[in-house]
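Worksheet: the structure to be examined is printed underneath.
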Amino acid sequence: MSRYARFLPDRFTLFLVITVLIASVLPAHGKGIVAFSWITNIGIALLFFLHGARLSRDAIVAGITHWRLHLTVFSATFIMFPLLGVALKPVLQPLVTPELYTGVLFLCCLPATVQSAIAFTSMARGNVPAAVCSASASSLLGIFLTPLLVGTVVAASASAPISFDAVGKIMLQLLLPFVLGQFLRRWIGAWVYQRKALLKFVDQGSILLVVYTAFSEAVNEGLWRDTPLPALLGLVLCCAVLLALALLGCVALGRLFKFKLEDRITLLFGGSKKSLASGIPMAQVIFAGQAVGAIVLPLMLFHQIQLMVCAVLAARYAKRPR
């Protein structure tokens, strides 16, 4: 059984599925949507505040000397992925609905994950300090770059109405609490760091709240009624193709720049992953007034596929001779 355990979804993914099912059967309506939106916004602000209080300044600025690796990871995250999403439009768009394809482009514009990228790099015996630096910087840069990329890539390729004032809204909702947490880190940093369970609870709880609120609105607008089963199956194929090409692209970049194996591992797991924790809150701001449920669905599927595939790859790297 243990051999196949890596292919099973983790507990949080099961909670995500359960949340979607609840929202599909018992969606919030009217004042309930408003209440959940306020609670969700407070939860997201608290999440980024706690991340700001926990992340040391040294971790933010560390690893700058390895600029070639970091620039390559950032290029894979913010250049290669959006180019793949646009270049594959003739192949991907016919497989899904227009809203789902907008979601595919949106996930291509997102920053990399932090926790899982570092965890898989560590498991595969890659360059962990570089992974910490790249993943943390990617998450921060994404606050600025993602809405700009979405405004350019999504608006041009999917004909979705995107406003560039989303940058200001995201800075207010995500960056401001993070900066405040950094400012107060001297006094509360140690307390927050010792309570990792609290951060995990707020992290996962805020995402589940966003998912429930987003899918409630989408179900009320006819998400499942207007999304045929072939489009959902096509979406799984889209996510698998994107991940495969991203992994191959990261391998090719690592060889092109002649990085050491440890650095290539960091590039592989840092440059091929997309953040669910940052993506869902951003979607709520960037696509306000639209079918957010359909837009975040590709990200949720991609998240699970990337976890399963990267777990297998990390296990194979871990078995190499020391």
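Identifiers in this document derive from the order of the structure tokens: chains are assigned A, B, ..., residues are numbered from 1 separately in each chain, and ligands are numbered from 1 in order of occurrence.
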Hey, what's within 9 Å of Asn220 of chain A if we count only C-alpha atoms and toss same-chain stuff fewer than 2 positions away? As JSON, numbers by chain, please? {"A": [24, 27, 28, 29, 215, 216, 217, 218, 222, 223]}
Selected residues written out with N, CA and C atoms, as an mmCIF file, in the first residue's frame:
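Final output, saved to selection_18.cif:
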```
data_model
loop_
_atom_site.group_PDB
_atom_site.id
_atom_site.type_symbol
_atom_site.label_atom_id
_atom_site.label_comp_id
_atom_site.auth_asym_id
_atom_site.auth_seq_id
_atom_site.Cartn_x
_atom_site.Cartn_y
_atom_site.Cartn_z
ATOM 1 N N SER A 24 -21.369 23.012 -3.899
ATOM 2 C CA SER A 24 -22.199 22.601 -5.024
ATOM 3 C C SER A 24 -23.607 22.233 -4.581
ATOM 4 N N PRO A 27 -24.790 25.961 -1.619
ATOM 5 C CA PRO A 27 -24.073 27.224 -1.845
ATOM 6 C C PRO A 27 -24.641 28.348 -0.994
ATOM 7 N N ALA A 28 -23.777 29.277 -0.635
ATOM 8 C CA ALA A 28 -24.243 30.460 0.095
ATOM 9 C C ALA A 28 -25.008 31.377 -0.860
ATOM 10 N N HIS A 29 -25.983 32.099 -0.307
ATOM 11 C CA HIS A 29 -26.800 33.000 -1.121
ATOM 12 C C HIS A 29 -26.875 34.365 -0.453
ATOM 13 N N PHE A 215 -16.919 29.125 -5.199
ATOM 14 C CA PHE A 215 -17.734 28.096 -5.841
ATOM 15 C C PHE A 215 -19.217 28.297 -5.558
ATOM 16 N N SER A 216 -19.552 28.884 -4.419
ATOM 17 C CA SER A 216 -20.959 29.202 -4.161
ATOM 18 C C SER A 216 -21.471 30.174 -5.213
ATOM 19 N N GLU A 217 -20.696 31.229 -5.470
ATOM 20 C CA GLU A 217 -21.095 32.204 -6.479
ATOM 21 C C GLU A 217 -21.161 31.552 -7.862
ATOM 22 N N ALA A 218 -20.162 30.688 -8.147
ATOM 23 C CA ALA A 218 -20.127 30.046 -9.467
ATOM 24 C C ALA A 218 -21.299 29.085 -9.649
ATOM 25 N N GLY A 222 -24.465 28.906 -12.323
ATOM 26 C CA GLY A 222 -24.616 27.774 -13.236
ATOM 27 C C GLY A 222 -23.318 27.128 -13.670
ATOM 28 N N LEU A 223 -22.315 27.080 -12.770
ATOM 29 C CA LEU A 223 -21.013 26.500 -13.132
ATOM 30 C C LEU A 223 -21.160 25.076 -13.652
#
```
Residue neighbourhood segment 178-190 of chain A, 7 Å, only C-alpha atoms, exclusion window fewer than 3 positions, as a PyMOL selection string: chain A and resi 48-54+174-175+193-194
For the structure I just gave you, how does DSSP split segment 108-231 of chain A - specifically, which residues are alpha helix (DSSP H)? Reply as a PDB file with C-alpha atoms, in the first residue's frame.
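Once everything was written out, this is out_10.pdb:
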```pdb
ATOM      1  CA  CYS A 108       0.370  30.202 -15.891  1.00  0.00           C
ATOM      2  CA  GLN A 115       6.304  25.040   1.156  1.00  0.00           C
ATOM      3  CA  SER A 116       6.062  22.198  -1.360  1.00  0.00           C
ATOM      4  CA  ALA A 117       8.881  23.501  -3.597  1.00  0.00           C
ATOM      5  CA  ILE A 118      11.212  23.575  -0.604  1.00  0.00           C
ATOM      6  CA  ALA A 119       9.940  20.253   0.744  1.00  0.00           C
ATOM      7  CA  PHE A 120      10.454  18.406  -2.553  1.00  0.00           C
ATOM      8  CA  THR A 121      13.884  20.012  -3.054  1.00  0.00           C
ATOM      9  CA  SER A 122      14.897  18.852   0.410  1.00  0.00           C
ATOM     10  CA  MET A 123      13.526  15.355  -0.183  1.00  0.00           C
ATOM     11  CA  VAL A 128      17.646  23.848  -0.172  1.00  0.00           C
ATOM     12  CA  PRO A 129      18.954  27.361   0.727  1.00  0.00           C
ATOM     13  CA  ALA A 130      18.537  28.421  -2.895  1.00  0.00           C
ATOM     14  CA  ALA A 131      15.050  26.891  -2.944  1.00  0.00           C
ATOM     15  CA  VAL A 132      14.072  28.901   0.146  1.00  0.00           C
ATOM     16  CA  CYS A 133      15.327  32.117  -1.441  1.00  0.00           C
ATOM     17  CA  SER A 134      13.789  31.511  -4.872  1.00  0.00           C
ATOM     18  CA  ALA A 135      10.413  30.344  -3.591  1.00  0.00           C
ATOM     19  CA  SER A 136      10.099  33.203  -1.088  1.00  0.00           C
ATOM     20  CA  ALA A 137      11.138  35.812  -3.649  1.00  0.00           C
ATOM     21  CA  SER A 138       8.790  34.328  -6.248  1.00  0.00           C
ATOM     22  CA  SER A 139       5.880  34.596  -3.830  1.00  0.00           C
ATOM     23  CA  LEU A 140       6.674  38.263  -3.135  1.00  0.00           C
ATOM     24  CA  LEU A 141       7.297  39.160  -6.787  1.00  0.00           C
ATOM     25  CA  GLY A 142       4.040  37.475  -7.722  1.00  0.00           C
ATOM     26  CA  ILE A 143       2.103  40.121  -5.808  1.00  0.00           C
ATOM     27  CA  PHE A 144       3.311  42.646  -8.404  1.00  0.00           C
ATOM     28  CA  LEU A 145       3.915  40.520 -11.510  1.00  0.00           C
ATOM     29  CA  THR A 146       0.860  38.250 -11.527  1.00  0.00           C
ATOM     30  CA  PRO A 147      -1.797  40.963 -11.967  1.00  0.00           C
ATOM     31  CA  LEU A 148       0.361  42.625 -14.642  1.00  0.00           C
ATOM     32  CA  LEU A 149       0.807  39.330 -16.488  1.00  0.00           C
ATOM     33  CA  ALA A 155      -6.941  39.980 -21.574  1.00  0.00           C
ATOM     34  CA  ALA A 156      -5.173  39.453 -24.910  1.00  0.00           C
ATOM     35  CA  SER A 157      -5.659  35.690 -25.262  1.00  0.00           C
ATOM     36  CA  ALA A 166      -6.013  44.869  -9.371  1.00  0.00           C
ATOM     37  CA  VAL A 167      -2.337  45.573  -8.606  1.00  0.00           C
ATOM     38  CA  GLY A 168      -3.356  48.192  -6.059  1.00  0.00           C
ATOM     39  CA  LYS A 169      -6.060  45.984  -4.577  1.00  0.00           C
ATOM     40  CA  ILE A 170      -3.669  43.059  -4.203  1.00  0.00           C
ATOM     41  CA  LEU A 176       0.235  45.557   3.283  1.00  0.00           C
ATOM     42  CA  PRO A 177      -0.492  42.824   5.880  1.00  0.00           C
ATOM     43  CA  PHE A 178       2.802  41.125   4.917  1.00  0.00           C
ATOM     44  CA  VAL A 179       4.782  44.359   5.425  1.00  0.00           C
ATOM     45  CA  LEU A 180       2.995  44.970   8.719  1.00  0.00           C
ATOM     46  CA  GLY A 181       3.939  41.449   9.824  1.00  0.00           C
ATOM     47  CA  GLN A 182       7.557  42.137   8.860  1.00  0.00           C
ATOM     48  CA  PHE A 183       7.491  45.385  10.841  1.00  0.00           C
ATOM     49  CA  ARG A 185       8.380  40.575  13.530  1.00  0.00           C
ATOM     50  CA  ARG A 186      10.841  41.809  16.176  1.00  0.00           C
ATOM     51  CA  TRP A 187       8.158  41.467  18.827  1.00  0.00           C
ATOM     52  CA  ILE A 188       5.951  38.622  17.591  1.00  0.00           C
ATOM     53  CA  GLY A 189       8.196  36.678  15.169  1.00  0.00           C
ATOM     54  CA  ALA A 190       9.382  34.089  17.696  1.00  0.00           C
ATOM     55  CA  TRP A 191       5.827  33.570  18.987  1.00  0.00           C
ATOM     56  CA  VAL A 192       4.489  33.023  15.452  1.00  0.00           C
ATOM     57  CA  TYR A 193       7.393  30.747  14.471  1.00  0.00           C
ATOM     58  CA  LYS A 196       3.390  26.517  13.043  1.00  0.00           C
ATOM     59  CA  ALA A 197       0.061  24.786  13.590  1.00  0.00           C
ATOM     60  CA  LEU A 198      -1.615  28.206  13.817  1.00  0.00           C
ATOM     61  CA  LEU A 199      -0.099  29.307  10.504  1.00  0.00           C
ATOM     62  CA  LYS A 200      -1.144  26.037   8.865  1.00  0.00           C
ATOM     63  CA  PHE A 201      -4.685  26.413  10.214  1.00  0.00           C
ATOM     64  CA  VAL A 202      -4.982  29.996   8.938  1.00  0.00           C
ATOM     65  CA  ASP A 203      -3.291  29.051   5.642  1.00  0.00           C
ATOM     66  CA  GLN A 204      -5.577  26.146   4.839  1.00  0.00           C
ATOM     67  CA  GLY A 205      -8.652  27.657   6.467  1.00  0.00           C
ATOM     68  CA  SER A 206      -8.465  30.861   4.421  1.00  0.00           C
ATOM     69  CA  ILE A 207      -8.098  28.884   1.193  1.00  0.00           C
ATOM     70  CA  LEU A 208     -11.097  26.696   2.053  1.00  0.00           C
ATOM     71  CA  LEU A 209     -13.131  29.831   2.792  1.00  0.00           C
ATOM     72  CA  VAL A 210     -12.178  31.363  -0.557  1.00  0.00           C
ATOM     73  CA  VAL A 211     -12.980  28.124  -2.377  1.00  0.00           C
ATOM     74  CA  TYR A 212     -16.387  27.834  -0.717  1.00  0.00           C
ATOM     75  CA  THR A 213     -17.277  31.469  -1.414  1.00  0.00           C
ATOM     76  CA  ALA A 214     -16.006  31.356  -5.017  1.00  0.00           C
ATOM     77  CA  PHE A 215     -17.734  28.096  -5.841  1.00  0.00           C
ATOM     78  CA  SER A 216     -20.959  29.202  -4.161  1.00  0.00           C
ATOM     79  CA  GLU A 217     -21.095  32.204  -6.479  1.00  0.00           C
ATOM     80  CA  ALA A 218     -20.127  30.046  -9.467  1.00  0.00           C
ATOM     81  CA  VAL A 219     -22.766  27.393  -8.677  1.00  0.00           C
ATOM     82  CA  ASN A 220     -25.395  30.101  -8.295  1.00  0.00           C
ATOM     83  CA  LEU A 223     -21.013  26.500 -13.132  1.00  0.00           C
ATOM     84  CA  TRP A 224     -21.814  22.783 -13.243  1.00  0.00           C
ATOM     85  CA  ARG A 225     -24.831  23.269 -15.482  1.00  0.00           C
ATOM     86  CA  ASP A 226     -22.772  25.143 -18.084  1.00  0.00           C
ATOM     87  CA  LEU A 229     -18.079  16.612 -18.597  1.00  0.00           C
ATOM     88  CA  PRO A 230     -15.849  16.542 -21.743  1.00  0.00           C
ATOM     89  CA  ALA A 231     -14.572  20.025 -20.795  1.00  0.00           C
TER      90      ALA A 231
END
```
Identify, on the basis of only C-alpha atoms, every residue whose closest approach to Leu71 of chain A does not exceed 12 Å; exclude the query and any residue fewer than 3 positions from it along the same chain; express the result as a list in words. Gly63, Ile64, Thr65, His66, Trp67, Arg68, Phe74, Ser75, Ala76, Thr77, Phe78, Ile79, Ala130, Cys133, Ser134, Ala135, Ala137, Ser138, Leu253, Gly254, Phe257, Leu267, Gly270 and Gly271 of chain A
With a distance cut-off of 10 Å and only C-alpha atoms, select the neighbouring residues of Gly234 of chain A, excluding the residue or stretch itself and same-chain residues fewer than 4 positions from it, and output the selection as number ranges by chain. A: 92-97, 100, 229-230, 238-240
Got time to write the residues from that selection, C-alpha atoms, as a short mmCIF file (atom, residue, chain, number, x, y, z; two decimals), in the first residue's frame?
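The resulting file, result.cif, is reproduced below:
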```cif
data_model
loop_
_atom_site.label_atom_id
_atom_site.label_comp_id
_atom_site.auth_asym_id
_atom_site.auth_seq_id
_atom_site.Cartn_x
_atom_site.Cartn_y
_atom_site.Cartn_z
CA LEU A 92 -5.87 23.73 -25.20
CA GLN A 93 -8.77 26.07 -25.91
CA PRO A 94 -10.86 23.55 -27.90
CA LEU A 95 -10.65 21.11 -24.98
CA VAL A 96 -12.28 23.39 -22.39
CA THR A 97 -14.81 26.19 -21.98
CA LEU A 100 -11.71 27.28 -17.92
CA LEU A 229 -18.08 16.61 -18.60
CA PRO A 230 -15.85 16.54 -21.74
CA CYS A 238 -4.53 20.54 -20.24
CA CYS A 239 -3.04 20.59 -16.74
CA ALA A 240 -1.06 17.40 -17.36
#
```
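Residue nearest Leu232 of chain A, chosen from A:Ala318, A:Glu99, A:Leu245, A:Cys310 and counting only C-alpha atoms: A:Glu99.
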Out of A:His303, A:Arg255, A:Arg125, A:Arg316, which residue has the shortest atom-to-atom distance to Leu276 of chain A when counting only C-alpha atoms? A:His303
So how far away is atom CA of Arg11 of chain A from atom CA of Thr102 of chain A, in Å? 27.8 Å
Counting only C-alpha atoms, what is within 7 Å of Thr113 of chain A, bar same-chain residues fewer than 6 positions away, as a PyMOL selection string? chain A and resi 135+273-275
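Remark: for Leu307 of chain A, the closest of the candidate residues A:Pro98, A:Phe36, A:Leu110, A:Leu243 is A:Leu243 (distances computed over only C-alpha atoms).
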Pick out the residues sitting within 10 Å of Leu105 of chain A, and hand them over as a list of chain:residue names; count only C-alpha atoms, and ignore anything fewer than 4 positions along from it in its own chain. A:Phe81, A:Pro82, A:Leu83, A:Leu84, A:Gly85, A:Val86, A:Lys89, A:Leu100, A:Tyr101, A:Cys109, A:Leu110, A:Leu149, A:Val150, A:Val153, A:Val154, A:Ala155, A:Ser157, A:Ala158, A:Ile295, A:Pro298, A:Leu299
Write a file of the just-selected residues containing N, CA and C atoms, as a PDB file, in the first residue's frame.
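Written out: part.pdb:
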```
ATOM      1  N   PHE A  81       6.071  29.805 -18.438  1.00  0.00           N
ATOM      2  CA  PHE A  81       4.694  29.358 -18.229  1.00  0.00           C
ATOM      3  C   PHE A  81       3.672  30.181 -19.022  1.00  0.00           C
ATOM      4  N   PRO A  82       3.704  31.540 -18.916  1.00  0.00           N
ATOM      5  CA  PRO A  82       2.739  32.312 -19.714  1.00  0.00           C
ATOM      6  C   PRO A  82       2.893  32.079 -21.214  1.00  0.00           C
ATOM      7  N   LEU A  83       4.149  31.941 -21.686  1.00  0.00           N
ATOM      8  CA  LEU A  83       4.358  31.673 -23.108  1.00  0.00           C
ATOM      9  C   LEU A  83       3.762  30.324 -23.510  1.00  0.00           C
ATOM     10  N   LEU A  84       3.892  29.325 -22.629  1.00  0.00           N
ATOM     11  CA  LEU A  84       3.296  28.019 -22.908  1.00  0.00           C
ATOM     12  C   LEU A  84       1.772  28.130 -23.000  1.00  0.00           C
ATOM     13  N   GLY A  85       1.184  28.850 -22.058  1.00  0.00           N
ATOM     14  CA  GLY A  85      -0.264  28.988 -22.062  1.00  0.00           C
ATOM     15  C   GLY A  85      -0.791  29.639 -23.324  1.00  0.00           C
ATOM     16  N   VAL A  86      -0.062  30.658 -23.820  1.00  0.00           N
ATOM     17  CA  VAL A  86      -0.481  31.358 -25.027  1.00  0.00           C
ATOM     18  C   VAL A  86      -0.176  30.525 -26.271  1.00  0.00           C
ATOM     19  N   LYS A  89      -2.579  27.703 -27.076  1.00  0.00           N
ATOM     20  CA  LYS A  89      -3.988  28.076 -27.211  1.00  0.00           C
ATOM     21  C   LYS A  89      -4.731  27.252 -28.263  1.00  0.00           C
ATOM     22  N   LEU A 100     -12.764  28.184 -18.379  1.00  0.00           N
ATOM     23  CA  LEU A 100     -11.708  27.282 -17.918  1.00  0.00           C
ATOM     24  C   LEU A 100     -10.379  27.628 -18.580  1.00  0.00           C
ATOM     25  N   TYR A 101     -10.403  28.023 -19.844  1.00  0.00           N
ATOM     26  CA  TYR A 101      -9.150  28.409 -20.501  1.00  0.00           C
ATOM     27  C   TYR A 101      -8.595  29.688 -19.878  1.00  0.00           C
ATOM     28  N   CYS A 109       0.267  32.438 -14.923  1.00  0.00           N
ATOM     29  CA  CYS A 109       0.814  33.729 -14.492  1.00  0.00           C
ATOM     30  C   CYS A 109       1.145  33.774 -13.007  1.00  0.00           C
ATOM     31  N   LEU A 110       0.879  32.706 -12.274  1.00  0.00           N
ATOM     32  CA  LEU A 110       1.038  32.715 -10.820  1.00  0.00           C
ATOM     33  C   LEU A 110       2.481  32.486 -10.379  1.00  0.00           C
ATOM     34  N   LEU A 149       0.817  40.388 -15.475  1.00  0.00           N
ATOM     35  CA  LEU A 149       0.807  39.330 -16.488  1.00  0.00           C
ATOM     36  C   LEU A 149      -0.620  38.956 -16.879  1.00  0.00           C
ATOM     37  N   VAL A 150      -1.490  38.862 -15.879  1.00  0.00           N
ATOM     38  CA  VAL A 150      -2.884  38.522 -16.172  1.00  0.00           C
ATOM     39  C   VAL A 150      -3.510  39.600 -17.046  1.00  0.00           C
ATOM     40  N   VAL A 153      -1.639  38.898 -20.573  1.00  0.00           N
ATOM     41  CA  VAL A 153      -1.812  37.591 -21.210  1.00  0.00           C
ATOM     42  C   VAL A 153      -3.278  37.198 -21.306  1.00  0.00           C
ATOM     43  N   VAL A 154      -3.998  37.277 -20.190  1.00  0.00           N
ATOM     44  CA  VAL A 154      -5.382  36.817 -20.174  1.00  0.00           C
ATOM     45  C   VAL A 154      -6.260  37.738 -21.007  1.00  0.00           C
ATOM     46  N   ALA A 155      -6.106  39.046 -20.834  1.00  0.00           N
ATOM     47  CA  ALA A 155      -6.941  39.980 -21.574  1.00  0.00           C
ATOM     48  C   ALA A 155      -6.729  39.848 -23.074  1.00  0.00           C
ATOM     49  N   SER A 157      -5.458  37.036 -24.710  1.00  0.00           N
ATOM     50  CA  SER A 157      -5.659  35.690 -25.262  1.00  0.00           C
ATOM     51  C   SER A 157      -7.027  35.098 -24.964  1.00  0.00           C
ATOM     52  N   ALA A 158      -7.683  35.579 -23.931  1.00  0.00           N
ATOM     53  CA  ALA A 158      -8.968  34.994 -23.554  1.00  0.00           C
ATOM     54  C   ALA A 158     -10.115  35.990 -23.588  1.00  0.00           C
ATOM     55  N   ILE A 295     -12.611  29.816 -12.830  1.00  0.00           N
ATOM     56  CA  ILE A 295     -11.249  30.279 -13.095  1.00  0.00           C
ATOM     57  C   ILE A 295     -10.234  29.593 -12.179  1.00  0.00           C
ATOM     58  N   PRO A 298      -8.950  25.130 -12.751  1.00  0.00           N
ATOM     59  CA  PRO A 298      -7.703  24.607 -13.319  1.00  0.00           C
ATOM     60  C   PRO A 298      -6.550  24.613 -12.326  1.00  0.00           C
ATOM     61  N   LEU A 299      -6.460  25.650 -11.501  1.00  0.00           N
ATOM     62  CA  LEU A 299      -5.387  25.730 -10.507  1.00  0.00           C
ATOM     63  C   LEU A 299      -5.507  24.604  -9.489  1.00  0.00           C
TER      64      LEU A 299
END
```
Would you mind telling me which residue in A:Leu256, A:Ala288, A:Val73, A:Val17 lies nearest to Phe269 of chain A when using only C-alpha atoms? A:Val73
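Of the listed residues (A:Leu237, A:Leu69, A:Leu247, A:Ile280), A:Leu69 comes nearest to Lys260 of chain A; the distances count only C-alpha atoms.
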